[in-house]
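Text of the file entry-v2.txt, holding compact mmCIF, C-alpha atoms and all ligand atoms:
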```
# COMPACT_ATOMS: atom_id res chain seq x y z
CA MET A 1 -64.35 -11.91 107.71
CA ARG A 2 -61.17 -11.52 105.62
CA LEU A 3 -60.56 -7.97 104.49
CA GLU A 4 -58.01 -8.43 101.73
CA TYR A 5 -57.75 -8.12 97.98
CA THR A 6 -57.62 -11.09 95.62
CA ARG A 7 -54.56 -11.70 93.47
CA ARG A 8 -56.44 -10.49 90.40
CA GLN A 9 -57.38 -7.27 92.17
CA GLU A 10 -53.76 -6.72 93.24
CA GLU A 11 -52.61 -7.27 89.65
CA PHE A 12 -55.18 -4.79 88.41
CA ARG A 13 -53.89 -2.22 90.92
CA VAL A 14 -50.33 -2.68 89.64
CA GLU A 15 -51.51 -2.36 86.04
CA VAL A 16 -53.34 0.91 86.78
CA ARG A 17 -50.42 2.30 88.76
CA GLU A 18 -47.91 1.49 86.04
CA TRP A 19 -50.13 2.80 83.26
CA LEU A 20 -50.68 6.08 85.09
CA ALA A 21 -46.95 6.46 85.81
CA ALA A 22 -46.20 6.00 82.11
CA ASN A 23 -49.04 8.12 80.71
CA LEU A 24 -49.86 10.98 83.11
CA PRO A 25 -49.46 14.42 81.55
CA ARG A 26 -46.03 15.80 82.53
CA GLU A 27 -47.43 19.17 83.58
CA PRO A 28 -50.75 19.69 85.40
CA LEU A 29 -53.48 20.50 82.87
CA GLN A 30 -55.05 23.96 82.80
CA SER A 31 -58.51 24.12 84.40
CA PHE A 32 -61.27 22.67 82.22
CA ASP A 33 -63.12 25.90 82.85
CA THR A 34 -60.90 27.42 80.14
CA GLN A 35 -61.18 26.49 76.47
CA ALA A 36 -57.60 25.21 76.18
CA GLY A 37 -57.93 23.30 79.46
CA PHE A 38 -61.23 21.79 78.35
CA GLU A 39 -59.65 20.38 75.18
CA ALA A 40 -56.58 19.16 77.11
CA HIS A 41 -58.92 17.27 79.47
CA ARG A 42 -60.81 15.86 76.49
CA ALA A 43 -57.50 14.57 75.07
CA TRP A 44 -56.71 13.00 78.45
CA GLU A 45 -60.11 11.22 78.48
CA ARG A 46 -59.29 9.86 75.01
CA LYS A 47 -55.96 8.57 76.28
CA LEU A 48 -57.73 6.87 79.20
CA SER A 49 -60.22 5.30 76.81
CA GLU A 50 -57.44 3.54 74.88
CA ARG A 51 -57.15 1.22 77.89
CA GLY A 52 -60.86 1.19 78.80
CA PHE A 53 -60.03 3.48 81.75
CA SER A 54 -62.37 6.35 80.87
CA ALA A 55 -65.37 4.27 82.03
CA VAL A 56 -63.90 1.31 83.88
CA THR A 57 -67.19 -0.26 84.99
CA TRP A 58 -68.82 -0.30 81.54
CA PRO A 59 -68.84 -3.38 79.35
CA VAL A 60 -65.83 -3.66 77.03
CA ALA A 61 -68.14 -3.60 73.98
CA LEU A 62 -69.24 -0.07 74.90
CA GLY A 63 -65.71 1.24 75.46
CA GLY A 64 -65.25 0.36 79.13
CA ARG A 65 -63.09 -2.14 80.97
CA GLY A 66 -65.78 -4.42 82.43
CA CYS A 67 -64.60 -3.86 86.02
CA ASP A 68 -66.66 -4.73 89.06
CA LEU A 69 -67.16 -2.16 91.82
CA ILE A 70 -64.18 -3.29 93.91
CA GLU A 71 -61.94 -2.86 90.86
CA TRP A 72 -63.53 0.55 90.31
CA LEU A 73 -62.56 1.52 93.88
CA ILE A 74 -59.02 0.28 93.25
CA PHE A 75 -58.83 2.26 90.01
CA GLU A 76 -60.04 5.40 91.78
CA GLU A 77 -57.57 4.98 94.66
CA GLU A 78 -54.68 4.75 92.21
CA TYR A 79 -56.04 7.51 90.00
CA TRP A 80 -56.26 10.13 92.75
CA ALA A 81 -53.09 9.00 94.52
CA ALA A 82 -51.20 9.56 91.24
CA GLY A 83 -52.46 13.18 91.11
CA ALA A 84 -54.25 12.53 87.80
CA PRO A 85 -56.49 15.23 86.23
CA LEU A 86 -60.10 15.96 87.19
CA ARG A 87 -62.61 14.21 84.91
CA VAL A 88 -64.24 16.50 82.37
CA ASN A 89 -66.93 14.03 81.27
CA GLU A 90 -68.30 13.07 84.70
CA ASN A 91 -71.78 14.28 83.73
CA GLY A 92 -71.79 11.85 80.84
CA VAL A 93 -69.95 8.84 82.20
CA LEU A 94 -71.29 8.85 85.75
CA LEU A 95 -74.79 10.31 85.37
CA LEU A 96 -76.20 10.05 81.86
CA ALA A 97 -74.59 6.69 81.04
CA PRO A 98 -76.24 4.71 83.87
CA THR A 99 -79.51 6.48 83.01
CA LEU A 100 -79.23 5.42 79.36
CA MET A 101 -78.25 1.90 80.33
CA GLU A 102 -81.47 1.64 82.31
CA TYR A 103 -83.94 3.71 80.27
CA GLY A 104 -82.34 4.33 76.83
CA THR A 105 -83.25 2.56 73.58
CA SER A 106 -80.73 0.14 72.07
CA GLU A 107 -80.01 2.75 69.34
CA GLN A 108 -79.30 5.42 71.95
CA LYS A 109 -76.97 3.13 73.87
CA ALA A 110 -75.09 2.02 70.74
CA HIS A 111 -74.71 5.59 69.49
CA PHE A 112 -74.03 7.67 72.58
CA LEU A 113 -72.12 5.41 74.96
CA PRO A 114 -69.03 4.57 72.87
CA ARG A 115 -68.77 8.23 71.78
CA MET A 116 -68.94 9.24 75.43
CA ALA A 117 -66.24 6.74 76.42
CA ARG A 118 -63.93 8.25 73.76
CA ALA A 119 -64.84 11.82 74.85
CA GLU A 120 -66.17 12.61 71.39
CA ASP A 121 -69.21 14.00 73.17
CA ILE A 122 -68.80 15.85 76.45
CA TRP A 123 -72.06 16.37 78.31
CA ALA A 124 -73.61 19.16 80.37
CA GLN A 125 -76.68 18.82 82.63
CA GLY A 126 -79.75 20.99 82.17
CA TRP A 127 -82.02 20.85 85.20
CA SER A 128 -81.90 24.18 87.02
CA GLU A 129 -83.83 27.29 86.02
CA SER A 130 -84.28 30.53 87.89
CA GLY A 131 -87.08 29.58 90.27
CA ALA A 132 -86.50 25.85 89.76
CA GLY A 133 -83.36 24.85 91.69
CA SER A 134 -84.18 22.97 94.89
CA ASP A 135 -87.75 22.98 93.67
CA MET A 136 -86.98 21.23 90.39
CA ALA A 137 -90.62 20.32 89.78
CA ALA A 138 -91.17 24.03 89.04
CA ILE A 139 -89.39 23.64 85.66
CA ARG A 140 -90.92 25.91 82.98
CA CYS A 141 -88.61 25.55 79.97
CA LYS A 142 -90.98 24.03 77.42
CA ALA A 143 -90.59 21.39 74.71
CA ILE A 144 -93.67 21.23 72.49
CA ARG A 145 -94.05 18.33 70.06
CA ALA A 146 -94.52 19.13 66.35
CA ASP A 147 -93.62 17.18 63.16
CA GLY A 148 -91.44 14.50 64.76
CA HIS A 149 -89.59 17.11 66.83
CA TYR A 150 -89.78 18.91 70.14
CA VAL A 151 -89.51 22.67 69.86
CA ILE A 152 -87.76 24.03 72.95
CA SER A 153 -88.17 27.57 74.26
CA GLY A 154 -87.03 28.97 77.58
CA GLN A 155 -83.95 29.05 79.75
CA LYS A 156 -81.72 26.85 81.90
CA THR A 157 -79.03 28.00 84.31
CA TRP A 158 -76.04 26.85 86.41
CA SER A 159 -75.09 24.32 83.75
CA MET A 160 -71.53 23.18 84.46
CA ARG A 161 -69.19 22.75 81.46
CA ALA A 162 -71.92 24.03 79.10
CA VAL A 163 -69.63 26.76 77.77
CA TRP A 164 -67.56 24.18 75.83
CA ALA A 165 -69.53 20.94 76.09
CA ASP A 166 -71.04 19.24 73.03
CA TRP A 167 -74.36 17.89 74.32
CA LEU A 168 -76.91 18.61 77.01
CA PHE A 169 -79.29 16.27 78.81
CA GLY A 170 -82.14 17.77 80.76
CA LEU A 171 -85.75 17.98 81.74
CA PHE A 172 -88.32 20.04 79.82
CA ARG A 173 -92.06 20.71 80.19
CA SER A 174 -93.65 18.90 77.24
CA GLN A 175 -97.29 19.27 78.39
CA PRO A 176 -97.86 23.04 78.59
CA ASN A 177 -100.52 23.09 81.31
CA SER A 178 -99.12 20.27 83.40
CA GLN A 179 -98.21 20.84 87.03
CA ARG A 180 -95.16 19.98 89.08
CA HIS A 181 -93.52 16.63 88.22
CA HIS A 182 -96.18 15.64 85.65
CA GLY A 183 -95.70 16.41 81.96
CA LEU A 184 -91.88 16.61 82.01
CA THR A 185 -89.75 14.90 79.35
CA PHE A 186 -86.06 13.90 79.47
CA LEU A 187 -84.29 15.03 76.28
CA LEU A 188 -80.81 14.89 74.75
CA LEU A 189 -79.70 17.74 72.49
CA PRO A 190 -76.56 19.09 70.82
CA LEU A 191 -75.48 22.39 72.36
CA LYS A 192 -74.51 23.67 68.91
CA SER A 193 -78.16 23.45 67.70
CA PRO A 194 -79.57 26.53 65.91
CA GLY A 195 -81.52 28.70 68.37
CA ILE A 196 -79.27 28.01 71.39
CA SER A 197 -77.32 30.87 72.99
CA ILE A 198 -74.93 30.22 75.82
CA ARG A 199 -74.01 32.93 78.28
CA PRO A 200 -71.01 32.02 80.47
CA ILE A 201 -71.20 32.75 84.23
CA ARG A 202 -67.98 33.61 86.03
CA GLN A 203 -67.35 31.80 89.30
CA LEU A 204 -65.46 32.93 92.41
CA ASN A 205 -62.13 31.92 90.83
CA GLY A 206 -62.83 34.13 87.80
CA LEU A 207 -63.32 31.21 85.38
CA THR A 208 -66.51 30.40 83.51
CA GLY A 209 -67.37 26.97 84.83
CA PHE A 210 -71.11 27.61 84.52
CA ALA A 211 -73.44 28.87 81.83
CA GLU A 212 -76.97 30.05 81.29
CA ILE A 213 -78.55 28.46 78.23
CA PHE A 214 -81.26 30.21 76.21
CA PHE A 215 -83.49 28.23 73.83
CA ASP A 216 -85.27 30.01 71.00
CA GLU A 217 -87.43 27.43 69.20
CA VAL A 218 -84.70 24.79 69.18
CA ARG A 219 -85.75 21.67 67.27
CA VAL A 220 -84.86 18.29 68.78
CA PRO A 221 -85.85 15.02 67.06
CA VAL A 222 -88.29 12.86 69.04
CA GLU A 223 -85.73 10.01 68.90
CA ASN A 224 -83.69 12.01 71.42
CA THR A 225 -86.25 11.37 74.17
CA VAL A 226 -85.09 9.13 77.00
CA GLY A 227 -88.03 7.03 78.20
CA GLU A 228 -91.63 7.97 77.52
CA GLU A 229 -92.88 11.48 76.85
CA GLY A 230 -94.11 12.97 80.13
CA ALA A 231 -92.25 10.38 82.25
CA GLY A 232 -89.08 12.45 82.64
CA TRP A 233 -89.38 13.11 86.36
CA SER A 234 -88.78 9.54 87.52
CA ILE A 235 -85.88 9.18 85.04
CA ALA A 236 -84.32 12.43 86.29
CA MET A 237 -84.68 11.19 89.88
CA ALA A 238 -82.74 8.06 88.90
CA THR A 239 -80.01 10.28 87.40
CA ALA A 240 -79.94 12.38 90.59
CA GLY A 241 -79.63 9.15 92.61
CA PHE A 242 -76.53 8.19 90.57
CA GLU A 243 -75.15 11.67 91.25
CA ARG A 244 -75.64 11.57 95.02
CA GLY A 245 -75.05 7.88 95.38
CA LEU A 246 -71.92 5.89 94.94
CA MET A 247 -69.80 7.02 92.06
CA LEU A 248 -69.60 10.80 91.75
CA ARG A 249 -67.21 11.27 94.66
CA SER A 250 -65.14 8.17 95.19
CA PRO A 251 -63.28 7.83 98.50
CA GLY A 252 -59.88 7.80 96.74
CA ARG A 253 -60.28 11.49 96.01
CA PHE A 254 -60.85 12.43 99.68
CA GLN A 255 -58.19 10.07 100.97
CA GLN A 256 -55.71 11.82 98.68
CA THR A 257 -56.81 15.26 99.94
CA ALA A 258 -56.50 14.00 103.54
CA ARG A 259 -52.95 12.77 102.85
CA ALA A 260 -52.05 16.13 101.30
CA LEU A 261 -53.52 17.88 104.35
CA VAL A 262 -51.41 15.79 106.73
CA GLU A 263 -48.34 16.68 104.61
CA LEU A 264 -49.25 20.37 104.72
CA TYR A 265 -49.68 20.20 108.50
CA ARG A 266 -46.28 18.52 108.91
CA ARG A 267 -44.60 21.21 106.80
CA HIS A 268 -46.16 23.96 108.91
CA ARG A 269 -46.03 22.13 112.19
CA GLU A 270 -44.40 24.93 114.15
CA SER A 271 -47.13 27.44 113.49
CA ALA A 272 -50.01 24.96 113.19
CA ASP A 273 -49.24 23.23 116.51
CA SER A 274 -49.86 26.44 118.39
CA ASP A 275 -53.56 25.97 117.65
CA PRO A 276 -54.81 22.60 118.95
CA ALA A 277 -58.03 23.06 116.96
CA ILE A 278 -56.02 22.75 113.73
CA ARG A 279 -54.37 19.50 114.81
CA ASP A 280 -57.75 18.17 115.83
CA ALA A 281 -59.27 19.12 112.44
CA VAL A 282 -56.40 17.42 110.56
CA LEU A 283 -56.95 14.23 112.55
CA ARG A 284 -60.72 14.35 112.10
CA SER A 285 -60.26 14.87 108.36
CA TRP A 286 -57.99 11.88 107.97
CA ILE A 287 -60.23 9.64 110.08
CA ALA A 288 -63.36 10.78 108.23
CA ALA A 289 -61.78 10.10 104.81
CA GLU A 290 -60.80 6.58 105.92
CA ALA A 291 -64.27 6.01 107.40
CA TYR A 292 -65.84 7.11 104.11
CA ALA A 293 -63.64 4.62 102.25
CA LEU A 294 -64.63 1.77 104.57
CA ALA A 295 -68.32 2.69 104.38
CA THR A 296 -68.07 2.69 100.57
CA TYR A 297 -66.44 -0.76 100.57
CA ARG A 298 -69.31 -1.95 102.76
CA THR A 299 -71.90 -0.52 100.34
CA VAL A 300 -70.09 -2.03 97.34
CA CYS A 301 -70.05 -5.47 98.99
CA ARG A 302 -73.76 -5.17 99.68
CA LEU A 303 -74.45 -4.18 96.05
CA ALA A 304 -72.36 -7.12 94.84
CA LYS A 305 -74.73 -9.40 96.74
CA GLY A 306 -77.71 -7.86 94.93
CA GLY A 307 -78.54 -5.08 97.42
CA GLN A 308 -79.73 -1.58 96.55
CA ILE A 309 -78.05 1.76 97.14
CA GLY A 310 -80.94 3.11 99.29
CA ALA A 311 -80.60 5.91 101.79
CA GLU A 312 -76.82 6.27 101.39
CA ALA A 313 -77.55 8.40 98.34
CA ASN A 314 -78.63 11.21 100.67
CA THR A 315 -76.32 10.62 103.62
CA ASN A 316 -73.24 10.17 101.39
CA LYS A 317 -73.77 13.49 99.68
CA ILE A 318 -73.86 15.34 103.00
CA TYR A 319 -70.87 13.38 104.29
CA TRP A 320 -68.48 13.95 101.39
CA SER A 321 -69.43 17.59 100.86
CA GLU A 322 -68.92 18.45 104.54
CA LEU A 323 -65.69 16.46 104.68
CA ASP A 324 -64.31 18.25 101.61
CA LEU A 325 -65.14 21.60 103.18
CA LEU A 326 -63.58 20.64 106.53
CA MET A 327 -60.34 19.59 104.82
CA HIS A 328 -60.07 22.73 102.74
CA GLU A 329 -61.00 25.06 105.61
CA THR A 330 -58.31 23.37 107.70
CA ALA A 331 -55.74 23.87 104.92
CA MET A 332 -56.74 27.54 104.75
CA ALA A 333 -56.25 27.84 108.54
CA ILE A 334 -52.82 26.20 108.34
CA LEU A 335 -51.68 28.50 105.54
CA GLY A 336 -53.08 31.59 107.28
CA GLY A 337 -52.97 34.82 105.29
CA ARG A 338 -50.86 33.20 102.55
CA ALA A 339 -53.74 30.86 101.72
CA GLU A 340 -55.25 33.58 99.58
CA LEU A 341 -52.22 33.89 97.28
CA MET A 342 -52.71 32.62 93.75
CA PRO A 343 -50.31 29.75 92.97
CA HIS A 344 -48.29 31.98 90.59
CA ALA A 345 -47.86 34.88 93.08
CA PRO A 346 -44.21 35.69 94.00
CA ASP A 347 -44.54 34.55 97.65
CA ALA A 348 -46.77 31.58 96.92
CA ALA A 349 -44.19 28.79 97.26
CA GLY A 350 -45.91 25.86 98.96
CA VAL A 351 -49.49 27.20 98.92
CA GLY A 352 -50.33 24.83 96.07
CA HIS A 353 -53.90 24.65 94.81
CA TRP A 354 -55.66 24.74 98.18
CA LEU A 355 -57.46 28.00 97.43
CA ASP A 356 -58.99 26.65 94.23
CA GLY A 357 -59.96 23.46 96.05
CA PHE A 358 -61.50 25.52 98.86
CA LEU A 359 -63.63 27.55 96.42
CA PHE A 360 -64.78 24.32 94.77
CA ALA A 361 -65.52 22.72 98.15
CA LEU A 362 -67.80 25.67 99.02
CA ALA A 363 -70.08 24.53 96.19
CA GLY A 364 -70.30 20.93 97.47
CA PRO A 365 -73.18 21.56 99.93
CA ILE A 366 -75.12 23.28 97.11
CA ASP A 367 -74.66 21.19 93.98
CA ALA A 368 -76.30 17.82 93.34
CA GLY A 369 -79.22 18.99 95.51
CA THR A 370 -78.43 21.19 98.53
CA ASN A 371 -77.60 19.59 101.87
CA GLU A 372 -80.73 21.16 103.38
CA ILE A 373 -82.81 19.29 100.81
CA GLN A 374 -80.90 16.05 101.54
CA ARG A 375 -81.69 16.56 105.24
CA ASN A 376 -85.37 17.02 104.41
CA LEU A 377 -85.29 13.73 102.48
CA ILE A 378 -83.56 11.93 105.33
CA ALA A 379 -86.09 13.33 107.82
CA GLU A 380 -89.08 12.28 105.73
CA ARG A 381 -87.94 9.06 104.05
CA MET A 382 -85.51 7.53 106.51
CA LEU A 383 -86.81 8.82 109.83
CA GLY A 384 -90.48 9.08 108.91
CA LEU A 385 -90.83 12.60 110.33
CA PRO A 386 -93.76 14.77 109.18
CA ARG A 387 -93.21 17.31 106.36
CA SER A 388 -94.26 20.16 108.64
CA LEU A 389 -95.06 20.64 112.32
CA SER A 390 -98.77 20.60 111.55
CA GLY A 391 -98.53 17.59 109.23
C1 LIG B 1 -70.95 23.77 91.58
C2 LIG B 1 -72.35 23.66 91.11
C3 LIG B 1 -72.64 22.93 89.97
C4 LIG B 1 -73.94 22.87 89.49
N1 LIG B 1 -74.15 22.22 88.31
C5 LIG B 1 -75.37 22.23 87.78
C6 LIG B 1 -75.58 21.66 86.47
O1 LIG B 1 -74.64 21.20 85.82
N2 LIG B 1 -76.82 21.67 85.97
C7 LIG B 1 -77.88 22.19 86.64
O2 LIG B 1 -78.99 22.14 86.13
N3 LIG B 1 -77.72 22.77 87.87
C8 LIG B 1 -76.48 22.80 88.44
N4 LIG B 1 -76.27 23.41 89.65
C9 LIG B 1 -77.39 24.09 90.31
C10 LIG B 1 -77.83 23.40 91.59
O3 LIG B 1 -78.51 22.20 91.30
C11 LIG B 1 -78.70 24.40 92.35
O4 LIG B 1 -77.88 25.50 92.70
C12 LIG B 1 -79.30 23.79 93.59
O5 LIG B 1 -80.23 22.78 93.27
C13 LIG B 1 -79.99 24.85 94.46
O6 LIG B 1 -80.90 25.59 93.68
P1 LIG B 1 -80.88 27.20 93.71
O7 LIG B 1 -79.47 27.64 93.44
O8 LIG B 1 -81.96 27.66 92.82
O9 LIG B 1 -81.18 27.61 95.22
P2 LIG B 1 -82.60 27.59 95.93
O10 LIG B 1 -83.33 26.37 95.57
O11 LIG B 1 -83.24 28.91 95.69
O12 LIG B 1 -82.20 27.49 97.45
C14 LIG B 1 -81.66 28.60 98.20
C15 LIG B 1 -81.43 28.13 99.63
O13 LIG B 1 -82.70 27.76 100.23
C16 LIG B 1 -82.63 26.43 100.72
N5 LIG B 1 -83.91 25.72 100.49
C17 LIG B 1 -84.65 25.76 99.38
N6 LIG B 1 -85.75 24.98 99.52
C18 LIG B 1 -85.68 24.44 100.77
C19 LIG B 1 -86.51 23.55 101.51
N7 LIG B 1 -87.61 23.03 100.99
N8 LIG B 1 -86.11 23.20 102.75
C20 LIG B 1 -84.97 23.69 103.29
N9 LIG B 1 -84.14 24.56 102.64
C21 LIG B 1 -84.49 24.92 101.39
C22 LIG B 1 -81.54 25.75 99.90
O14 LIG B 1 -80.97 24.65 100.58
C23 LIG B 1 -80.54 26.89 99.72
O15 LIG B 1 -79.72 27.01 100.86
C24 LIG B 1 -75.00 23.51 90.17
C25 LIG B 1 -74.73 24.23 91.35
C26 LIG B 1 -73.42 24.32 91.81
C27 LIG B 1 -73.14 25.15 93.04
```

Entire entry expressed as structure tokens:
Amino acid sequence: MRLEYTRRQEEFRVEVREWLAANLPREPLQSFDTQAGFEAHRAWERKLSERGFSAVTWPVALGGRGCDLIEWLIFEEEYWAAGAPLRVNENGVLLLAPTLMEYGTSEQKAHFLPRMARAEDIWAQGWSESGAGSDMAAIRCKAIRADGHYVISGQKTWSMRAVWADWLFGLFRSQPNSQRHHGLTFLLLPLKSPGISIRPIRQLNGLTGFAEIFFDEVRVPVENTVGEEGAGWSIAMATAGFERGLMLRSPGRFQQTARALVELYRRHRESADSDPAIRDAVLRSWIAAEAYALATYRTVCRLAKGGQIGAEANTNKIYWSELDLLMHETAMAILGGRAELMPHAPDAAGVGHWLDGFLFALAGPIDAGTNEIQRNLIAERMLGLPRSLSG
């Protein structure tokens, strides 16, 4: 086996590196959980799209770059190593787009995908409701068909980016007396529709990354259905598979965090070395990030030969979320009491953005389906264990 890049892949890496060096914003962008930061990130997505870099794996005709998965990994490695901004349209580009490519009509693809690539539409996800989080089949928010429209009434919650996003995709109960995963329909709707109220939710860092969404007889044209009426569950499961599977958290992101952690450890070596557990955690973090990268290359090679993503969707999600937490907890331990200083505090020199990253990492085991639920799926589907002790 020869583990090396082709000449074309090396050239692509150089192109990405040079483009990023020439085009990266000079100052870090404000968080996209603020209005100004959201628009700055939208402008950055537009800039990326000029080179097909906002959605590198999509066909050129739809606004992408036509890259294969190895080139995608190369792009991601360069992107995170350059310290480039977080991606504000992940929900659209990484989750809805593959769903539309598989289940959307040709009109939906032609309309929504190029707009998404240019960040004209930024998307939020609408699955969760109070009482329907892990148990998503308990969704109650209803969408009743009348006169070529669905009329939506009810509530969604925990919708990331919904405070400033343009569109929402989500799952709604279109058959009023249906049970569980039957009678659910996958719909696309503008968040500025009449009848929608959005209530921001403040997160641990004080910013409003989440929102509750209230629907009061919101009318959505039937053309905005993805797939058949009532068949939304299996489409949403495909979207969730894209979320947990390969693309949402590329290894480049964790390798970059691991490098930053090693740097942080070196800068604080005197104090950090007094606790062997910290050195051990730094080493484990670096090794785990490299192992994740190699495992992803292995998966990508298998997919290139026509394989399927399979059980990695569940194991990956647990792996990257626990790794991210380990790295940020280790950074907090290295920084000690100063870890809690905000980056602009007078004594904060050198604390960087570890606190923000730590707060975000805390959410990793919860979002995209909690790690407990992933473990249930692994137990039942991979290991064939019974659902309960009696079963
Ligand atoms: C950062 C972040 C971003 C998010 N973004 C979105 C978004 O954009 N759109 C959206 O719709 N939702 C979003 N969510 C919501 C997320 O999908 C839910 O929080 C998650 O599915 C858990 O649901 P819940 O909060 O209702 O908790 P619950 O389902 O009430 O779970 C509470 C606890 O019980 C455990 N538990 C529940 N059932 C079982 C079981 N059967 N076996 C074992 N343990 C169980 C869970 O693991 C958890 O620890 C986001 C959440 C976070 C943290």

Atom CA of Ala40 of chain A to atom CA of Gly64 of chain A: how many Å, to one decimal? 20.8 Å

Extract, using only C-alpha atoms, all DNA, RNA and protein residues at most 9 Å from segment 276-291 of chain A, discarding same-chain residues fewer than 5 positions from it, and format them as a list of chain:residue names. A:Pro251, A:Gly252, A:Phe254, A:Gln255, A:Gln256, A:Thr257, A:Ala258, A:Arg259, A:Leu261, A:Val262, A:Tyr265, A:Thr296, A:Tyr319, A:Trp320, A:Leu323, A:Asp324, A:Leu326, A:Met327, A:Thr330, A:Ala331, A:Ala333, A:Ile334

Best match for closeness to Val218 of chain A among A:Pro85, A:Gly37, A:Pro190, A:Gly232, counting only C-alpha atoms: A:Pro190

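Taking only C-alpha atoms and all ligand atoms into account, every polymer residue with at least one atom at most 7 Å away from ligand LIG 1 (chain B) is listed here: Ala124, Gln125, Gly126, Trp127, Ser128, Ser130, Gly131, Ala132, Gly133, Ser134, Asp135, Lys156, Thr157, Trp158, Ser159, Met160, Phe360, Ala363, Gly364, Ile366, Asp367, Ala368, Gly369, Thr370, Asn371, Glu372, Ile373 and Asn376 of chain A.
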
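Restricting the calculation to only C-alpha atoms, the smallest distance between Met116 of chain A and any of A:Arg46, A:Arg199, A:Arg7, A:Arg2 is found for A:Arg46.
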
Atom pair atom CA of Thr239 of chain A / atom CA of Thr34 of chain A: separation (Å):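 Separation of atom CA of Thr239 of chain A and atom CA of Thr34 of chain A: 26.7 Å.
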
Work out how far atom CA of Met342 of chain A is from atom CA of Phe358 of chain A, in Å to one decimal. 12.4 Å

List every protein, DNA or RNA residue that has an atom no more than 12 Å from (-81.3, 8.3, 84.5) in the file's coordinate frame, counting all atoms listed in the file, and report them as a VMD selection string. chain A and resid 91 to 104 125 169 to 171 185 to 188 225 to 227 231 to 243

Which residue of A:Leu207, A:Ile213, A:Ala43, A:Ala137 approaches Glu120 of chain A most closely, using all atoms listed in the file: A:Ala43

A:Met136, A:Leu335, A:Ala311, A:Ile196: which is nearest Ala379 of chain A, counting all atoms listed in the file?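 So, comparing all the options, the nearest one is A:Ala311.
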
From A:Ala295, A:Pro194, A:Met247, A:Val163, residue lying nearest Ala55 of chain A [all atoms listed in the file]: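 Looking only at the distances to Ala55 of chain A, the closest residue turns out to be A:Met247.
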
Nearest residue to His353 of chain A out of A:Leu204, A:Ile122, A:Leu113, A:Ala260, using only C-alpha atoms? A:Ala260

Please write as a ChimeraX atom specification the list of polymer residues whose atoms come within 12 Å of (-56.1, 1.1, 94.9), counting all atoms listed in the file and keeping to the coordinates of the file. /A:4-5,9-17,69-82,250-253,255-256,293,297

Find the residues near Gln179 of chain A: any atom within 10 Å, counting all atoms listed in the file, skip ones fewer than 2 places away on the same chain, and give them as a ChimeraX atom specification. /A:137-140,173,175-177,181-184
